[in-house]
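Trainee: Contents of data29.txt (compact mmCIF, N, CA and C atoms and all ligand atoms) are below:
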# COMPACT_ATOMS: atom_id res chain seq x y z
N MET I 1 -27.27 -0.44 231.52
CA MET I 1 -27.83 -1.09 230.32
C MET I 1 -29.16 -1.77 230.64
N GLN I 2 -29.11 -2.66 231.69
CA GLN I 2 -30.33 -3.40 232.07
C GLN I 2 -31.43 -2.44 232.49
N ALA I 3 -31.01 -1.42 233.31
CA ALA I 3 -32.00 -0.45 233.81
C ALA I 3 -32.61 0.32 232.64
N GLY I 4 -31.79 0.66 231.64
CA GLY I 4 -32.27 1.37 230.47
C GLY I 4 -33.30 0.56 229.71
N ARG I 5 -33.00 -0.74 229.52
CA ARG I 5 -33.95 -1.62 228.81
C ARG I 5 -35.25 -1.76 229.57
N TYR I 6 -35.12 -1.88 230.92
CA TYR I 6 -36.30 -2.03 231.77
C TYR I 6 -37.19 -0.79 231.62
N LEU I 7 -36.54 0.39 231.67
CA LEU I 7 -37.28 1.65 231.56
C LEU I 7 -37.98 1.75 230.20
N GLN I 8 -37.26 1.31 229.15
CA GLN I 8 -37.83 1.34 227.79
C GLN I 8 -39.08 0.46 227.70
N GLN I 9 -38.99 -0.72 228.33
CA GLN I 9 -40.15 -1.64 228.33
C GLN I 9 -41.34 -1.02 229.04
N ARG I 10 -41.05 -0.36 230.19
CA ARG I 10 -42.14 0.26 230.97
C ARG I 10 -42.79 1.38 230.17
N LEU I 11 -41.94 2.17 229.47
CA LEU I 11 -42.48 3.27 228.65
C LEU I 11 -43.37 2.72 227.54
N LYS I 12 -42.95 1.57 226.96
CA LYS I 12 -43.76 0.93 225.92
C LYS I 12 -45.11 0.50 226.49
N SER I 13 -45.08 -0.06 227.71
CA SER I 13 -46.33 -0.50 228.34
C SER I 13 -47.26 0.69 228.54
N PHE I 14 -46.71 1.83 228.97
CA PHE I 14 -47.52 3.05 229.14
C PHE I 14 -48.13 3.45 227.80
N LYS I 15 -47.30 3.36 226.74
CA LYS I 15 -47.77 3.75 225.41
C LYS I 15 -48.96 2.88 225.00
N TYR I 16 -48.85 1.56 225.22
CA TYR I 16 -49.95 0.66 224.86
C TYR I 16 -51.20 0.96 225.70
N ALA I 17 -50.98 1.27 226.99
CA ALA I 17 -52.12 1.58 227.87
C ALA I 17 -52.82 2.85 227.38
N PHE I 18 -52.05 3.86 226.99
CA PHE I 18 -52.65 5.09 226.46
C PHE I 18 -53.39 4.81 225.15
N GLN I 19 -52.80 3.94 224.32
CA GLN I 19 -53.48 3.56 223.06
C GLN I 19 -54.82 2.89 223.38
N GLY I 20 -54.85 2.10 224.47
CA GLY I 20 -56.10 1.44 224.90
C GLY I 20 -57.15 2.46 225.31
N ILE I 21 -56.72 3.48 226.05
CA ILE I 21 -57.67 4.52 226.49
C ILE I 21 -58.22 5.27 225.28
N ILE I 22 -57.34 5.61 224.33
CA ILE I 22 -57.78 6.32 223.12
C ILE I 22 -58.75 5.44 222.32
N ALA I 23 -58.42 4.15 222.19
CA ALA I 23 -59.28 3.21 221.43
C ALA I 23 -60.66 3.15 222.09
N PHE I 24 -60.68 3.09 223.41
CA PHE I 24 -61.94 3.03 224.15
C PHE I 24 -62.76 4.30 223.89
N LEU I 25 -62.11 5.46 223.99
CA LEU I 25 -62.81 6.74 223.77
C LEU I 25 -63.35 6.84 222.35
N ARG I 26 -62.56 6.35 221.38
CA ARG I 26 -62.96 6.45 219.97
C ARG I 26 -64.12 5.55 219.62
N SER I 27 -64.10 4.31 220.19
CA SER I 27 -65.06 3.32 219.70
C SER I 27 -66.35 3.24 220.51
N GLU I 28 -66.33 3.73 221.75
CA GLU I 28 -67.50 3.52 222.61
C GLU I 28 -68.24 4.83 222.90
N PRO I 29 -69.50 4.94 222.44
CA PRO I 29 -70.28 6.16 222.76
C PRO I 29 -70.40 6.39 224.27
N HIS I 30 -70.50 5.28 225.05
CA HIS I 30 -70.58 5.42 226.52
C HIS I 30 -69.38 6.18 227.05
N ALA I 31 -68.22 5.92 226.45
CA ALA I 31 -66.98 6.53 226.94
C ALA I 31 -67.04 8.04 226.78
N ARG I 32 -67.62 8.47 225.66
CA ARG I 32 -67.69 9.93 225.43
C ARG I 32 -68.66 10.58 226.42
N ILE I 33 -69.73 9.85 226.76
CA ILE I 33 -70.68 10.38 227.76
C ILE I 33 -69.95 10.51 229.11
N HIS I 34 -69.16 9.46 229.46
CA HIS I 34 -68.40 9.54 230.72
C HIS I 34 -67.41 10.69 230.69
N ALA I 35 -66.81 10.90 229.52
CA ALA I 35 -65.81 11.98 229.42
C ALA I 35 -66.47 13.33 229.67
N VAL I 36 -67.65 13.55 229.05
CA VAL I 36 -68.37 14.82 229.24
C VAL I 36 -68.77 14.96 230.71
N ALA I 37 -69.31 13.88 231.30
CA ALA I 37 -69.73 13.93 232.70
C ALA I 37 -68.54 14.23 233.61
N THR I 38 -67.40 13.61 233.31
CA THR I 38 -66.21 13.83 234.13
C THR I 38 -65.76 15.28 234.06
N VAL I 39 -65.75 15.84 232.84
CA VAL I 39 -65.34 17.25 232.68
C VAL I 39 -66.29 18.16 233.45
N LEU I 40 -67.61 17.88 233.36
CA LEU I 40 -68.59 18.73 234.07
C LEU I 40 -68.41 18.65 235.59
N VAL I 41 -68.19 17.43 236.09
CA VAL I 41 -68.04 17.26 237.54
C VAL I 41 -66.76 17.95 238.03
N VAL I 42 -65.69 17.78 237.26
CA VAL I 42 -64.41 18.42 237.67
C VAL I 42 -64.55 19.95 237.62
N ALA I 43 -65.24 20.45 236.59
CA ALA I 43 -65.44 21.91 236.49
C ALA I 43 -66.27 22.39 237.68
N ALA I 44 -67.34 21.64 238.02
CA ALA I 44 -68.18 22.02 239.17
C ALA I 44 -67.36 21.96 240.46
N GLY I 45 -66.48 20.97 240.54
CA GLY I 45 -65.62 20.84 241.73
C GLY I 45 -64.75 22.06 241.92
N PHE I 46 -64.16 22.54 240.82
CA PHE I 46 -63.31 23.75 240.93
C PHE I 46 -64.17 24.98 241.23
N TYR I 47 -65.32 25.05 240.55
CA TYR I 47 -66.19 26.23 240.72
C TYR I 47 -66.65 26.36 242.17
N TYR I 48 -67.06 25.23 242.76
CA TYR I 48 -67.57 25.26 244.14
C TYR I 48 -66.48 25.02 245.18
N ARG I 49 -65.23 25.02 244.75
CA ARG I 49 -64.07 24.88 245.64
C ARG I 49 -64.28 23.75 246.65
N LEU I 50 -64.38 22.53 246.13
CA LEU I 50 -64.56 21.37 246.99
C LEU I 50 -63.38 21.22 247.93
N SER I 51 -63.65 20.61 249.10
CA SER I 51 -62.57 20.33 250.06
C SER I 51 -61.74 19.15 249.56
N ALA I 52 -60.61 18.91 250.20
CA ALA I 52 -59.74 17.79 249.81
C ALA I 52 -60.50 16.47 249.92
N ASN I 53 -61.25 16.29 251.02
CA ASN I 53 -62.00 15.04 251.20
C ASN I 53 -63.08 14.87 250.13
N GLN I 54 -63.73 15.97 249.78
CA GLN I 54 -64.76 15.89 248.73
C GLN I 54 -64.12 15.52 247.39
N TRP I 55 -62.95 16.10 247.10
CA TRP I 55 -62.24 15.76 245.86
C TRP I 55 -61.87 14.28 245.83
N ILE I 56 -61.38 13.79 246.99
CA ILE I 56 -60.96 12.38 247.05
C ILE I 56 -62.16 11.48 246.73
N ALA I 57 -63.32 11.81 247.34
CA ALA I 57 -64.53 10.99 247.09
C ALA I 57 -64.91 11.05 245.61
N ILE I 58 -64.90 12.25 245.04
CA ILE I 58 -65.27 12.40 243.62
C ILE I 58 -64.30 11.63 242.72
N LEU I 59 -63.00 11.74 243.03
CA LEU I 59 -62.00 11.05 242.19
C LEU I 59 -62.15 9.54 242.27
N ILE I 60 -62.41 9.03 243.48
CA ILE I 60 -62.54 7.57 243.64
C ILE I 60 -63.75 7.05 242.86
N VAL I 61 -64.92 7.72 243.03
CA VAL I 61 -66.11 7.18 242.35
C VAL I 61 -66.03 7.39 240.83
N THR I 62 -65.41 8.50 240.41
CA THR I 62 -65.25 8.72 238.97
C THR I 62 -64.34 7.64 238.38
N GLY I 63 -63.25 7.36 239.07
CA GLY I 63 -62.32 6.32 238.61
C GLY I 63 -63.00 4.96 238.56
N MET I 64 -63.85 4.70 239.58
CA MET I 64 -64.56 3.41 239.62
C MET I 64 -65.46 3.25 238.39
N VAL I 65 -66.16 4.33 238.02
CA VAL I 65 -67.06 4.26 236.86
C VAL I 65 -66.25 3.99 235.59
N TRP I 66 -65.13 4.72 235.41
CA TRP I 66 -64.29 4.51 234.22
C TRP I 66 -63.76 3.08 234.16
N VAL I 67 -63.24 2.62 235.29
CA VAL I 67 -62.61 1.29 235.29
C VAL I 67 -63.64 0.19 235.04
N THR I 68 -64.79 0.27 235.71
CA THR I 68 -65.80 -0.78 235.50
C THR I 68 -66.34 -0.72 234.07
N GLU I 69 -66.53 0.49 233.54
CA GLU I 69 -67.05 0.61 232.16
C GLU I 69 -66.03 0.03 231.16
N MET I 70 -64.75 0.32 231.39
CA MET I 70 -63.73 -0.20 230.46
C MET I 70 -63.66 -1.72 230.54
N LEU I 71 -63.68 -2.26 231.77
CA LEU I 71 -63.59 -3.72 231.91
C LEU I 71 -64.85 -4.40 231.37
N ASN I 72 -66.01 -3.75 231.57
CA ASN I 72 -67.26 -4.29 231.01
C ASN I 72 -67.18 -4.35 229.49
N THR I 73 -66.63 -3.31 228.88
CA THR I 73 -66.48 -3.29 227.42
C THR I 73 -65.54 -4.40 226.97
N VAL I 74 -64.47 -4.59 227.73
CA VAL I 74 -63.51 -5.66 227.39
C VAL I 74 -64.21 -7.03 227.47
N VAL I 75 -65.00 -7.23 228.52
CA VAL I 75 -65.72 -8.51 228.68
C VAL I 75 -66.66 -8.71 227.49
N GLU I 76 -67.40 -7.66 227.12
CA GLU I 76 -68.32 -7.77 225.98
C GLU I 76 -67.57 -8.15 224.70
N LYS I 77 -66.44 -7.47 224.48
CA LYS I 77 -65.67 -7.73 223.24
C LYS I 77 -65.12 -9.16 223.24
N ILE I 78 -64.62 -9.61 224.39
CA ILE I 78 -64.08 -10.98 224.46
C ILE I 78 -65.18 -11.98 224.15
N MET I 79 -66.35 -11.77 224.80
CA MET I 79 -67.43 -12.74 224.61
C MET I 79 -67.96 -12.72 223.17
N ASP I 80 -68.06 -11.50 222.58
CA ASP I 80 -68.53 -11.42 221.19
C ASP I 80 -67.55 -12.12 220.25
N HIS I 81 -66.26 -12.05 220.60
CA HIS I 81 -65.23 -12.68 219.77
C HIS I 81 -65.24 -14.20 219.92
N LEU I 82 -65.34 -14.65 221.18
CA LEU I 82 -65.25 -16.09 221.44
C LEU I 82 -66.56 -16.82 221.18
N SER I 83 -67.68 -16.11 221.44
CA SER I 83 -68.96 -16.81 221.38
C SER I 83 -70.04 -15.85 220.87
N PRO I 84 -70.03 -15.56 219.56
CA PRO I 84 -70.99 -14.58 219.03
C PRO I 84 -72.45 -15.08 219.10
N GLU I 85 -72.65 -16.40 219.13
CA GLU I 85 -74.02 -16.92 219.16
C GLU I 85 -74.57 -16.85 220.60
N TYR I 86 -75.91 -16.90 220.69
CA TYR I 86 -76.53 -16.80 222.02
C TYR I 86 -76.14 -17.99 222.89
N HIS I 87 -75.78 -17.68 224.14
CA HIS I 87 -75.51 -18.75 225.10
C HIS I 87 -75.86 -18.24 226.50
N PRO I 88 -76.59 -19.04 227.29
CA PRO I 88 -76.98 -18.56 228.63
C PRO I 88 -75.77 -18.18 229.50
N ARG I 89 -74.63 -18.87 229.30
CA ARG I 89 -73.44 -18.53 230.12
C ARG I 89 -72.88 -17.16 229.71
N VAL I 90 -72.97 -16.87 228.40
CA VAL I 90 -72.52 -15.55 227.93
C VAL I 90 -73.43 -14.46 228.51
N LYS I 91 -74.73 -14.78 228.54
CA LYS I 91 -75.68 -13.83 229.13
C LYS I 91 -75.30 -13.55 230.58
N TRP I 92 -75.00 -14.62 231.34
CA TRP I 92 -74.63 -14.45 232.75
C TRP I 92 -73.39 -13.57 232.87
N ILE I 93 -72.38 -13.87 232.07
CA ILE I 93 -71.10 -13.12 232.15
C ILE I 93 -71.33 -11.64 231.82
N LYS I 94 -72.06 -11.39 230.72
CA LYS I 94 -72.28 -9.99 230.32
C LYS I 94 -73.16 -9.25 231.32
N ASP I 95 -74.17 -9.95 231.85
CA ASP I 95 -75.08 -9.29 232.80
C ASP I 95 -74.34 -8.94 234.10
N VAL I 96 -73.47 -9.84 234.57
CA VAL I 96 -72.74 -9.55 235.81
C VAL I 96 -71.77 -8.39 235.59
N ALA I 97 -71.11 -8.38 234.43
CA ALA I 97 -70.18 -7.27 234.12
C ALA I 97 -70.96 -5.95 234.05
N ALA I 98 -72.16 -5.98 233.43
CA ALA I 98 -72.98 -4.77 233.36
C ALA I 98 -73.46 -4.37 234.76
N GLY I 99 -73.72 -5.37 235.60
CA GLY I 99 -74.12 -5.08 236.99
C GLY I 99 -73.04 -4.32 237.74
N ALA I 100 -71.78 -4.66 237.47
CA ALA I 100 -70.67 -3.95 238.12
C ALA I 100 -70.68 -2.47 237.72
N VAL I 101 -70.96 -2.20 236.45
CA VAL I 101 -71.04 -0.81 235.98
C VAL I 101 -72.18 -0.08 236.68
N LEU I 102 -73.33 -0.78 236.79
CA LEU I 102 -74.49 -0.15 237.41
C LEU I 102 -74.20 0.20 238.87
N ILE I 103 -73.55 -0.71 239.59
CA ILE I 103 -73.23 -0.44 241.00
C ILE I 103 -72.32 0.78 241.10
N SER I 104 -71.27 0.82 240.28
CA SER I 104 -70.34 1.96 240.39
C SER I 104 -71.03 3.26 239.99
N ALA I 105 -71.92 3.21 238.97
CA ALA I 105 -72.62 4.43 238.56
C ALA I 105 -73.57 4.91 239.66
N LEU I 106 -74.29 3.98 240.30
CA LEU I 106 -75.21 4.37 241.38
C LEU I 106 -74.44 5.00 242.54
N ILE I 107 -73.30 4.39 242.89
CA ILE I 107 -72.49 4.94 243.99
C ILE I 107 -71.97 6.33 243.61
N ALA I 108 -71.60 6.50 242.34
CA ALA I 108 -71.11 7.81 241.89
C ALA I 108 -72.22 8.86 241.97
N VAL I 109 -73.44 8.49 241.55
CA VAL I 109 -74.56 9.44 241.59
C VAL I 109 -74.87 9.81 243.05
N ILE I 110 -74.89 8.81 243.94
CA ILE I 110 -75.19 9.09 245.35
C ILE I 110 -74.11 9.99 245.95
N THR I 111 -72.84 9.68 245.64
CA THR I 111 -71.74 10.50 246.17
C THR I 111 -71.85 11.94 245.65
N GLY I 112 -72.15 12.08 244.36
CA GLY I 112 -72.32 13.42 243.79
C GLY I 112 -73.45 14.17 244.48
N ALA I 113 -74.55 13.44 244.74
CA ALA I 113 -75.70 14.08 245.40
C ALA I 113 -75.33 14.52 246.82
N VAL I 114 -74.61 13.64 247.55
CA VAL I 114 -74.23 13.98 248.94
C VAL I 114 -73.34 15.22 248.96
N ILE I 115 -72.49 15.35 247.95
CA ILE I 115 -71.56 16.49 247.93
C ILE I 115 -72.22 17.75 247.39
N PHE I 116 -72.94 17.61 246.26
CA PHE I 116 -73.39 18.84 245.58
C PHE I 116 -74.76 19.36 246.05
N ILE I 117 -75.65 18.46 246.53
CA ILE I 117 -76.99 18.95 246.93
C ILE I 117 -76.88 19.98 248.07
N PRO I 118 -76.10 19.71 249.14
CA PRO I 118 -76.00 20.75 250.20
C PRO I 118 -75.38 22.06 249.69
N ILE I 119 -74.48 21.96 248.71
CA ILE I 119 -73.85 23.18 248.17
C ILE I 119 -74.88 23.99 247.38
N LEU I 120 -75.74 23.27 246.62
CA LEU I 120 -76.67 23.95 245.72
C LEU I 120 -77.95 24.41 246.43
N CYS I 121 -78.27 23.77 247.59
CA CYS I 121 -79.54 24.13 248.27
C CYS I 121 -79.34 25.16 249.38
N1 LIG I 201 -74.11 -14.01 223.00
C1 LIG I 201 -75.02 -13.72 223.93
N2 LIG I 201 -75.62 -14.72 224.62
C2 LIG I 201 -76.53 -14.44 225.58
N3 LIG I 201 -76.96 -13.21 225.92
C3 LIG I 201 -76.37 -12.17 225.29
C4 LIG I 201 -75.39 -12.36 224.26
N4 LIG I 201 -75.02 -11.14 223.80
C5 LIG I 201 -75.72 -10.26 224.51
N5 LIG I 201 -76.54 -10.86 225.41
C6 LIG I 201 -77.47 -10.19 226.34
O1 LIG I 201 -77.67 -8.85 225.90
C7 LIG I 201 -77.19 -7.92 226.88
C8 LIG I 201 -76.52 -6.76 226.17
O2 LIG I 201 -75.36 -7.25 225.54
P1 LIG I 201 -74.44 -6.35 224.62
O3 LIG I 201 -73.19 -7.08 224.33
O4 LIG I 201 -75.23 -5.87 223.44
O5 LIG I 201 -74.12 -5.18 225.64
P2 LIG I 201 -74.62 -3.67 225.69
O6 LIG I 201 -74.76 -3.34 227.12
O7 LIG I 201 -75.80 -3.47 224.79
O8 LIG I 201 -73.33 -3.00 225.16
P3 LIG I 201 -73.09 -1.87 224.09
O9 LIG I 201 -74.22 -0.88 224.27
O10 LIG I 201 -71.75 -1.35 224.48
O11 LIG I 201 -73.12 -2.61 222.78
C9 LIG I 201 -76.24 -8.73 227.77
O12 LIG I 201 -76.15 -8.18 229.08
C10 LIG I 201 -76.91 -10.10 227.76
O13 LIG I 201 -78.00 -10.13 228.66
Since I need it in another form, could you write the structure as structure tokens?

Mentor:
Amino acid sequence: MQAGRYLQQRLKSFKYAFQGIIAFLRSEPHARIHAVATVLVVAAGFYYRLSANQWIAILIVTGMVWVTEMLNTVVEKIMDHLSPEYHPRVKWIKDVAAGAVLISALIAVITGAVIFIPILC
């Protein structure tokens, strides 16, 4: 009985998490750009038969970009909700969150270049 209830709760949590991913994809144009980029990179990975290590690198940096972008969006929404008017502290919070996205995107681009440039040249 207890185990059944526990499992039901976990399944509900998964459902809410999936609803969050769908909400993010629906409402954020950035998310759709990431989705297209992810599909292209994965297709290129299969086409060029990447090694296991190359796949691991691609998956880690791709995941990093998605996670930082989603958390950055959450930070923006929280701040817009709590403090819609201009405030230097809000600027700091949003800029640092955007900086996290920029770092993950730069690392992803560099990793992609390290993997795909030797294959293409
Ligand atoms: N309430 C605010 N107070 C101070 N600065 C803000 C505020 N809102 C936005 N900013 C500044 O504007 C920048 C962009 O904020 P915004 O919330 O529009 O994000 P964005 O990157 O344009 O996101 P999106 O494109 O998803 O709307 C922030 O990084 C910050 O420098």

Trainee: Tell me which protein, DNA and RNA residues are within 8 Å of Met70 of chain I, counting all atoms listed in the file, leaving out same-chain ones fewer than 6 positions away, and put them as a list in words.

Mentor: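 In the requested format, the answer is Phe24, Ala31, Met64, Glu76 and Val101 of chain I.
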
Trainee: Taking a cut-off of 8 Å and counting only C-alpha atoms and all ligand atoms, can you build a table that, for each residue of chain I near ligand LIG 201 (chain I), reports the nearest atom pair and how far apart they are in Å (one decimal), sorted by chain then residue number, as a tab-separated table?

Mentor:
residue	atom	partner	partner_atom	distance
I:Glu28	CA	I:LIG201	O10	6.7
I:Pro29	CA	I:LIG201	O10	7.8
I:His30	CA	I:LIG201	O10	7.2
I:Thr73	CA	I:LIG201	O10	6.3
I:Glu76	CA	I:LIG201	O3	5.2
I:Lys77	CA	I:LIG201	O3	7.6
I:Met79	CA	I:LIG201	N1	7.0
I:Asp80	CA	I:LIG201	N1	6.4
I:Ser83	CA	I:LIG201	N1	6.1
I:Pro84	CA	I:LIG201	N1	5.1
I:Glu85	CA	I:LIG201	N1	4.8
I:Tyr86	CA	I:LIG201	N2	3.5
I:His87	CA	I:LIG201	N2	4.1
I:Pro88	CA	I:LIG201	C2	5.1
I:Arg89	CA	I:LIG201	C2	6.8
I:Val90	CA	I:LIG201	N2	4.6
I:Lys91	CA	I:LIG201	N3	3.5
I:Trp92	CA	I:LIG201	O13	6.8
I:Ile93	CA	I:LIG201	O12	7.7
I:Lys94	CA	I:LIG201	O12	4.4
I:Asp95	CA	I:LIG201	O12	4.0
I:Val96	CA	I:LIG201	O12	7.7
I:Ala97	CA	I:LIG201	O12	7.9
I:Ala98	CA	I:LIG201	O12	6.3

Trainee: Counting only C-alpha atoms, find residues at most 10 Å from (-66.3, 3.8, 238.5) (file frame) and give them as a list in words.

Mentor: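 Nearby residues: His34, Leu59, Ile60, Val61, Thr62, Gly63, Met64, Val65, Trp66, Val67, Thr68, Glu69, Met70, Ala100, Val101, Leu102, Ile103, Ser104, Ala105, Leu106, Ile107 and Ala108 of chain I.
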
Trainee: Determine, counting only C-alpha atoms, which protein, DNA and RNA residues have an atom within 12 Å of an atom of Trp55 of chain I; residues of the same chain fewer than 2 positions away are not included. Present the result as a list in words.

Mentor: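 My reading of the contact set: Val41, Val42, Ala43, Ala44, Gly45, Phe46, Tyr48, Arg49, Leu50, Ser51, Ala52, Asn53, Ala57, Ile58, Leu59, Ile60, Val61, Thr62, Gly63, Thr111, Gly112, Ile115 and Phe116 of chain I.
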
Trainee: Selected residues, N, CA and C atoms, written as a PDB file, in the frame of the given file, please.

Mentor:
ATOM      1  N   VAL I  41     -68.190  17.430 236.090  1.00  0.00           N
ATOM      2  CA  VAL I  41     -68.040  17.260 237.540  1.00  0.00           C
ATOM      3  C   VAL I  41     -66.760  17.950 238.030  1.00  0.00           C
ATOM      4  N   VAL I  42     -65.690  17.780 237.260  1.00  0.00           N
ATOM      5  CA  VAL I  42     -64.410  18.420 237.670  1.00  0.00           C
ATOM      6  C   VAL I  42     -64.550  19.950 237.620  1.00  0.00           C
ATOM      7  N   ALA I  43     -65.240  20.450 236.590  1.00  0.00           N
ATOM      8  CA  ALA I  43     -65.440  21.910 236.490  1.00  0.00           C
ATOM      9  C   ALA I  43     -66.270  22.390 237.680  1.00  0.00           C
ATOM     10  N   ALA I  44     -67.340  21.640 238.020  1.00  0.00           N
ATOM     11  CA  ALA I  44     -68.180  22.020 239.170  1.00  0.00           C
ATOM     12  C   ALA I  44     -67.360  21.960 240.460  1.00  0.00           C
ATOM     13  N   GLY I  45     -66.480  20.970 240.540  1.00  0.00           N
ATOM     14  CA  GLY I  45     -65.620  20.840 241.730  1.00  0.00           C
ATOM     15  C   GLY I  45     -64.750  22.060 241.920  1.00  0.00           C
ATOM     16  N   PHE I  46     -64.160  22.540 240.820  1.00  0.00           N
ATOM     17  CA  PHE I  46     -63.310  23.750 240.930  1.00  0.00           C
ATOM     18  C   PHE I  46     -64.170  24.980 241.230  1.00  0.00           C
ATOM     19  N   TYR I  48     -67.060  25.230 242.760  1.00  0.00           N
ATOM     20  CA  TYR I  48     -67.570  25.260 244.140  1.00  0.00           C
ATOM     21  C   TYR I  48     -66.480  25.020 245.180  1.00  0.00           C
ATOM     22  N   ARG I  49     -65.230  25.020 244.750  1.00  0.00           N
ATOM     23  CA  ARG I  49     -64.070  24.880 245.640  1.00  0.00           C
ATOM     24  C   ARG I  49     -64.280  23.750 246.650  1.00  0.00           C
ATOM     25  N   LEU I  50     -64.380  22.530 246.130  1.00  0.00           N
ATOM     26  CA  LEU I  50     -64.560  21.370 246.990  1.00  0.00           C
ATOM     27  C   LEU I  50     -63.380  21.220 247.930  1.00  0.00           C
ATOM     28  N   SER I  51     -63.650  20.610 249.100  1.00  0.00           N
ATOM     29  CA  SER I  51     -62.570  20.330 250.060  1.00  0.00           C
ATOM     30  C   SER I  51     -61.740  19.150 249.560  1.00  0.00           C
ATOM     31  N   ALA I  52     -60.610  18.910 250.200  1.00  0.00           N
ATOM     32  CA  ALA I  52     -59.740  17.790 249.810  1.00  0.00           C
ATOM     33  C   ALA I  52     -60.500  16.470 249.920  1.00  0.00           C
ATOM     34  N   ASN I  53     -61.250  16.290 251.020  1.00  0.00           N
ATOM     35  CA  ASN I  53     -62.000  15.040 251.200  1.00  0.00           C
ATOM     36  C   ASN I  53     -63.080  14.870 250.130  1.00  0.00           C
ATOM     37  N   ALA I  57     -63.320  11.810 247.340  1.00  0.00           N
ATOM     38  CA  ALA I  57     -64.530  10.990 247.090  1.00  0.00           C
ATOM     39  C   ALA I  57     -64.910  11.050 245.610  1.00  0.00           C
ATOM     40  N   ILE I  58     -64.900  12.250 245.040  1.00  0.00           N
ATOM     41  CA  ILE I  58     -65.270  12.400 243.620  1.00  0.00           C
ATOM     42  C   ILE I  58     -64.300  11.630 242.720  1.00  0.00           C
ATOM     43  N   LEU I  59     -63.000  11.740 243.030  1.00  0.00           N
ATOM     44  CA  LEU I  59     -62.000  11.050 242.190  1.00  0.00           C
ATOM     45  C   LEU I  59     -62.150   9.540 242.270  1.00  0.00           C
ATOM     46  N   ILE I  60     -62.410   9.030 243.480  1.00  0.00           N
ATOM     47  CA  ILE I  60     -62.540   7.570 243.640  1.00  0.00           C
ATOM     48  C   ILE I  60     -63.750   7.050 242.860  1.00  0.00           C
ATOM     49  N   VAL I  61     -64.920   7.720 243.030  1.00  0.00           N
ATOM     50  CA  VAL I  61     -66.110   7.180 242.350  1.00  0.00           C
ATOM     51  C   VAL I  61     -66.030   7.390 240.830  1.00  0.00           C
ATOM     52  N   THR I  62     -65.410   8.500 240.410  1.00  0.00           N
ATOM     53  CA  THR I  62     -65.250   8.720 238.970  1.00  0.00           C
ATOM     54  C   THR I  62     -64.340   7.640 238.380  1.00  0.00           C
ATOM     55  N   GLY I  63     -63.250   7.360 239.070  1.00  0.00           N
ATOM     56  CA  GLY I  63     -62.320   6.320 238.610  1.00  0.00           C
ATOM     57  C   GLY I  63     -63.000   4.960 238.560  1.00  0.00           C
ATOM     58  N   THR I 111     -72.840   9.680 245.640  1.00  0.00           N
ATOM     59  CA  THR I 111     -71.740  10.500 246.170  1.00  0.00           C
ATOM     60  C   THR I 111     -71.850  11.940 245.650  1.00  0.00           C
ATOM     61  N   GLY I 112     -72.150  12.080 244.360  1.00  0.00           N
ATOM     62  CA  GLY I 112     -72.320  13.420 243.790  1.00  0.00           C
ATOM     63  C   GLY I 112     -73.450  14.170 244.480  1.00  0.00           C
ATOM     64  N   ILE I 115     -72.490  15.350 247.950  1.00  0.00           N
ATOM     65  CA  ILE I 115     -71.560  16.490 247.930  1.00  0.00           C
ATOM     66  C   ILE I 115     -72.220  17.750 247.390  1.00  0.00           C
ATOM     67  N   PHE I 116     -72.940  17.610 246.260  1.00  0.00           N
ATOM     68  CA  PHE I 116     -73.390  18.840 245.580  1.00  0.00           C
ATOM     69  C   PHE I 116     -74.760  19.360 246.050  1.00  0.00           C
TER      70      PHE I 116
END

Trainee: Provide the atom N of Ala113 of chain I to atom CA of Val36 of chain I distance in Å, to one decimal place.

Mentor: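 Those two atoms sit 16.7 Å apart.
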
Trainee: If I take atom CA of Ala23 of chain I and atom CA of Leu40 of chain I, how far is one from the other in Å, to one decimal?

Mentor: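 A separation of 22.1 Å between them.
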
Trainee: Quick one: of I:Asn72, I:Thr38, I:Ser13, I:Gln54, who's nearest to Ile119 of chain I, counting only C-alpha atoms?

Mentor: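 Smallest separation from Ile119 of chain I among the options: I:Gln54.
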